[in-house]
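Participant: First the structure, which I've put down as structure tokens, then a few questions once you've had a look.
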Amino acid sequence: MELVGDRLAGSDRPLEYDPLDPVVKHEPYPYYVELRRSEPIKWLPSLNAFCVATYDDVDTVLKDGRTFSSAQFWPELLGEFDPMPEELPMISMDPPGHVQLRKLANKAFVPSRIAQLKDRTYKISHELIDDIIAKHGTEGEFDWAWEFTALYPVTVIAEVLGVPTQRRAEFKVWVDKILSAANRAAYEADQLAGIAEASEKMRAFFEELFDERAANLGDDLISTLIQAEVDGKKMTRNQVLSMAILLLIGGVETTTNLLGTTLVELKRHPEVYRRVRADHSLIAPLLEEVLRYNPPVQIIFRHTTADTELGGVKIPAGSAVMPILASANRDETKFNDPETFDIDRKIDVPLMSFGQGPHFCLGSYLSRMEAKSALEVAFTRFAELDVIDDHIHWLDSYFARGPHTLPVRFKAA
């Protein structure tokens, strides 16, 4: 879709940004352009929130934790469907409490520990492709979103948690349903019941896993979190459960969507695809440009702790504020020709894809490493791997972005 004036090309419809509008969710980027140009701080009646569209304003919101609190992020996102409502996850904690918990969590996410997983990510990628070929033969069609990208990160996470990979399909269903709670205002009773069931099952799973690990400590993440200690303090049971749930939800969805969207962008930019196919060293810059151009997390939440002003707009205390990370990543004042997909671009400012400030995503290194390994294996094992349809069925979410299904045509190498 192209932006022409204040409308989409071929449409008489004015560009009025509403994150819950299915048209906007399908292709939000023209609306972000209009927001940055005309109303970078905008009140959204459908979500009772102010959205923030420019890079500098998003940066301010993310780095000023005193004025723009994270405490309501998780409750705002999941509402009554939070699997651990009695324990704020680290993503929703403000300093000083956040600092202590972050130090403890860092012990499980140091780059050297994540690097130990690298060989496993290659092996898991090969195993999944072996399964695809066993099921579909050496050429044909399969769903990249469900048969590879949905299973790959949950298999990695299953190993990190030290649980049987047979549970991985359940993990993905739970995560998708729980994240869909962001759209709960527009859902019917049966959809809400499905979300509640997924939340209960996820909670029960981690309760059981914690008890098992506490009695038999190992080298897995849950055991590491149980034993982690900073200044004589350890995590409580509920803090470990909350951290594990956050890892599953954040880690699965981010990498799944990044891998799915990468193949979409390669379909849209065949000249880039040809280059990456010929030179796998371009996979890393390809992923960075996908993270900028079409990131897996579009929006996060903050709440004001006092009356404030942002971009010339007065925002009352207690207001919900939505920094649009995906809009900041295309801000014309920070990125040259931002609406162009360019894997050769030189980026002089940090991307907002994994946030900024005290809540910069702990899993950013893991997600990048996972995605790079998976694409290296896929481009080696498949002589052809091409998205079939130009029309993409995106997730029904304004918060997370990735293809819900992605049929591809393949031929084994």
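Just remember, in the structure tokens the first chain shown is A, the second B, etc., residues are 1-based per chain, and ligands are 1-based in the order shown.
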What's the 10 Å shell around Glu76 in chain A, counting only C-alpha atoms, without same-chain residues fewer than 5 positions away, as a ChimeraX atom specification?

Facilitator: /A:47,71,82,181-182,300-303,320

Participant: So which one's closest to Lys172 in chain A, A:Glu208, A:Glu27, A:Asp279, A:Glu253? Using only C-alpha atoms, please.

Facilitator: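 Using only C-alpha atoms, Lys172 in chain A sits closest to A:Glu253.
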
Participant: For Thr380 in chain A, which residue among A:Ile195, A:Val276, A:Leu241, A:Gly260 is the nearest when counting only C-alpha atoms?

Facilitator: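 When distances to Thr380 in chain A are compared using only C-alpha atoms, the smallest one comes from A:Val276.
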
Participant: Could you check which of A:Ser327, A:Thr224, A:Arg368, A:Leu128 is closest to Val160 in chain A, using only C-alpha atoms?

Facilitator: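 For Val160 in chain A, the nearest of the candidates is A:Thr224.
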
Participant: Which residue out of A:Arg36, A:Phe382, A:Pro403, A:Ile249 has the minimum interatomic distance to Gly140 in chain A when only C-alpha atoms are used?

Facilitator: A:Phe382

Participant: Considering only C-alpha atoms, return as number ranges by chain whatever protein or nucleic-acid residues lie within 12 Å of range 384-391 of chain A, sequence-local ones (same chain, fewer than 6 positions apart) excluded.

Facilitator: A: 1, 26-27, 129, 138-145, 260-270, 273-274, 277, 375, 377-378, 403-413

Participant: Restricting the output to N, CA and C atoms, write the selected residues as a tab-separated table (two decimals), in the first residue's frame.

Facilitator:
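Heads up, here's the output in result-v8.tsv:
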chain	number	residue	atom	x	y	z
A	1	MET	N	0.84	-1.19	0.00
A	1	MET	CA	0.00	0.00	0.00
A	1	MET	C	0.88	1.25	0.00
A	26	HIS	N	-3.42	-4.74	9.27
A	26	HIS	CA	-2.85	-5.43	8.11
A	26	HIS	C	-1.66	-4.68	7.54
A	27	GLU	N	-1.74	-3.36	7.46
A	27	GLU	CA	-0.64	-2.57	6.88
A	27	GLU	C	-0.58	-1.22	7.59
A	129	ILE	N	13.93	-29.28	9.35
A	129	ILE	CA	13.91	-29.40	7.89
A	129	ILE	C	13.87	-30.88	7.49
A	138	THR	N	10.99	-34.07	-1.41
A	138	THR	CA	12.12	-33.18	-1.69
A	138	THR	C	11.71	-31.90	-2.40
A	139	GLU	N	10.46	-31.81	-2.81
A	139	GLU	CA	9.95	-30.54	-3.33
A	139	GLU	C	8.43	-30.53	-3.20
A	140	GLY	N	7.90	-29.31	-3.16
A	140	GLY	CA	6.46	-29.16	-2.97
A	140	GLY	C	6.15	-27.89	-2.21
A	141	GLU	N	5.19	-27.97	-1.29
A	141	GLU	CA	4.77	-26.79	-0.54
A	141	GLU	C	4.62	-27.15	0.95
A	142	PHE	N	4.89	-26.18	1.80
A	142	PHE	CA	4.60	-26.32	3.23
A	142	PHE	C	4.38	-24.92	3.80
A	143	ASP	N	3.93	-24.87	5.05
A	143	ASP	CA	3.67	-23.59	5.70
A	143	ASP	C	4.88	-23.20	6.54
A	144	TRP	N	5.64	-22.23	6.06
A	144	TRP	CA	6.85	-21.78	6.75
A	144	TRP	C	6.53	-21.27	8.16
A	145	ALA	N	5.37	-20.61	8.32
A	145	ALA	CA	5.02	-20.03	9.62
A	145	ALA	C	4.74	-21.11	10.65
A	260	GLY	N	9.44	-15.20	10.07
A	260	GLY	CA	8.35	-15.15	9.10
A	260	GLY	C	8.40	-13.89	8.26
A	261	THR	N	8.57	-12.76	8.91
A	261	THR	CA	8.59	-11.49	8.19
A	261	THR	C	9.79	-11.37	7.28
A	262	THR	N	10.92	-11.97	7.66
A	262	THR	CA	12.10	-11.94	6.80
A	262	THR	C	11.81	-12.58	5.44
A	263	LEU	N	11.13	-13.71	5.45
A	263	LEU	CA	10.80	-14.35	4.17
A	263	LEU	C	9.79	-13.52	3.38
A	264	VAL	N	8.88	-12.84	4.07
A	264	VAL	CA	7.95	-11.93	3.38
A	264	VAL	C	8.72	-10.83	2.68
A	265	GLU	N	9.68	-10.22	3.37
A	265	GLU	CA	10.43	-9.12	2.77
A	265	GLU	C	11.32	-9.61	1.63
A	266	LEU	N	11.82	-10.83	1.72
A	266	LEU	CA	12.61	-11.38	0.60
A	266	LEU	C	11.72	-11.64	-0.60
A	267	LYS	N	10.47	-12.01	-0.36
A	267	LYS	CA	9.51	-12.15	-1.47
A	267	LYS	C	9.29	-10.80	-2.14
A	268	ARG	N	9.17	-9.75	-1.33
A	268	ARG	CA	8.90	-8.41	-1.84
A	268	ARG	C	10.14	-7.78	-2.48
A	269	HIS	N	11.32	-8.28	-2.14
A	269	HIS	CA	12.57	-7.69	-2.64
A	269	HIS	C	13.46	-8.79	-3.21
A	270	PRO	N	13.09	-9.33	-4.38
A	270	PRO	CA	13.80	-10.47	-4.95
A	270	PRO	C	15.28	-10.21	-5.23
A	273	TYR	N	17.00	-10.98	-2.12
A	273	TYR	CA	16.99	-12.43	-1.91
A	273	TYR	C	18.11	-13.09	-2.72
A	274	ARG	N	18.29	-12.67	-3.95
A	274	ARG	CA	19.34	-13.25	-4.79
A	274	ARG	C	20.72	-13.01	-4.17
A	277	ARG	N	21.12	-15.19	-0.98
A	277	ARG	CA	21.30	-16.59	-1.38
A	277	ARG	C	22.75	-16.86	-1.79
A	375	LEU	N	18.24	-19.23	9.32
A	375	LEU	CA	18.28	-18.85	7.90
A	375	LEU	C	19.49	-19.45	7.20
A	377	VAL	N	20.85	-22.31	7.81
A	377	VAL	CA	20.52	-23.71	7.54
A	377	VAL	C	19.47	-23.82	6.44
A	378	ALA	N	18.42	-23.00	6.53
A	378	ALA	CA	17.34	-23.07	5.53
A	378	ALA	C	17.84	-22.76	4.13
A	403	PRO	N	3.62	-13.03	10.01
A	403	PRO	CA	2.60	-13.76	9.25
A	403	PRO	C	1.98	-14.88	10.09
A	404	HIS	N	0.66	-14.95	10.06
A	404	HIS	CA	-0.05	-16.02	10.78
A	404	HIS	C	0.15	-17.35	10.05
A	405	THR	N	0.06	-17.31	8.75
A	405	THR	CA	0.40	-18.46	7.90
A	405	THR	C	1.28	-17.95	6.76
A	406	LEU	N	2.13	-18.81	6.22
A	406	LEU	CA	3.00	-18.38	5.13
A	406	LEU	C	3.35	-19.58	4.24
A	407	PRO	N	2.44	-19.94	3.32
A	407	PRO	CA	2.71	-21.06	2.41
A	407	PRO	C	3.91	-20.74	1.52
A	408	VAL	N	4.82	-21.71	1.41
A	408	VAL	CA	6.01	-21.55	0.58
A	408	VAL	C	6.16	-22.73	-0.36
A	409	ARG	N	6.81	-22.50	-1.47
A	409	ARG	CA	7.18	-23.56	-2.41
A	409	ARG	C	8.67	-23.86	-2.19
A	410	PHE	N	9.03	-25.14	-2.10
A	410	PHE	CA	10.41	-25.47	-1.79
A	410	PHE	C	10.94	-26.60	-2.68
A	411	LYS	N	12.26	-26.63	-2.76
A	411	LYS	CA	12.97	-27.75	-3.38
A	411	LYS	C	14.23	-27.98	-2.56
A	412	ALA	N	14.43	-29.22	-2.12
A	412	ALA	CA	15.60	-29.54	-1.31
A	412	ALA	C	16.87	-29.44	-2.16
A	413	ALA	N	17.95	-29.03	-1.54
A	413	ALA	CA	19.24	-28.90	-2.25
A	413	ALA	C	19.83	-30.28	-2.50

Participant: Output as a JSON list (two decimals) with N, CA and C atoms, in the first residue's frame all residues of range 131-288 of chain A that backbone DSSP marks as strand (DSSP E or B).

Facilitator:
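Result written to states09.json:
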[["chain", "number", "residue", "atom", "x", "y", "z"],
["A", 139, "GLU", "N", 10.46, -31.81, -2.81],
["A", 139, "GLU", "CA", 9.95, -30.54, -3.33],
["A", 139, "GLU", "C", 8.43, -30.53, -3.20],
["A", 140, "GLY", "N", 7.90, -29.31, -3.16],
["A", 140, "GLY", "CA", 6.46, -29.16, -2.97],
["A", 140, "GLY", "C", 6.15, -27.89, -2.21],
["A", 141, "GLU", "N", 5.19, -27.97, -1.29],
["A", 141, "GLU", "CA", 4.77, -26.79, -0.54],
["A", 141, "GLU", "C", 4.62, -27.15, 0.95],
["A", 142, "PHE", "N", 4.89, -26.18, 1.80],
["A", 142, "PHE", "CA", 4.60, -26.32, 3.23],
["A", 142, "PHE", "C", 4.38, -24.92, 3.80],
["A", 143, "ASP", "N", 3.93, -24.87, 5.05],
["A", 143, "ASP", "CA", 3.67, -23.59, 5.70],
["A", 143, "ASP", "C", 4.88, -23.20, 6.54],
["A", 229, "GLU", "N", 21.92, -15.50, 42.52],
["A", 229, "GLU", "CA", 22.00, -14.73, 43.76],
["A", 229, "GLU", "C", 22.80, -13.45, 43.52],
["A", 230, "VAL", "N", 22.27, -12.32, 43.99],
["A", 230, "VAL", "CA", 22.97, -11.03, 43.92],
["A", 230, "VAL", "C", 22.86, -10.39, 45.30],
["A", 233, "LYS", "N", 20.70, -12.12, 47.81],
["A", 233, "LYS", "CA", 19.26, -12.26, 47.55],
["A", 233, "LYS", "C", 19.02, -13.16, 46.35],
["A", 234, "LYS", "N", 17.98, -13.98, 46.46],
["A", 234, "LYS", "CA", 17.57, -14.84, 45.36],
["A", 234, "LYS", "C", 16.16, -14.46, 44.91]]
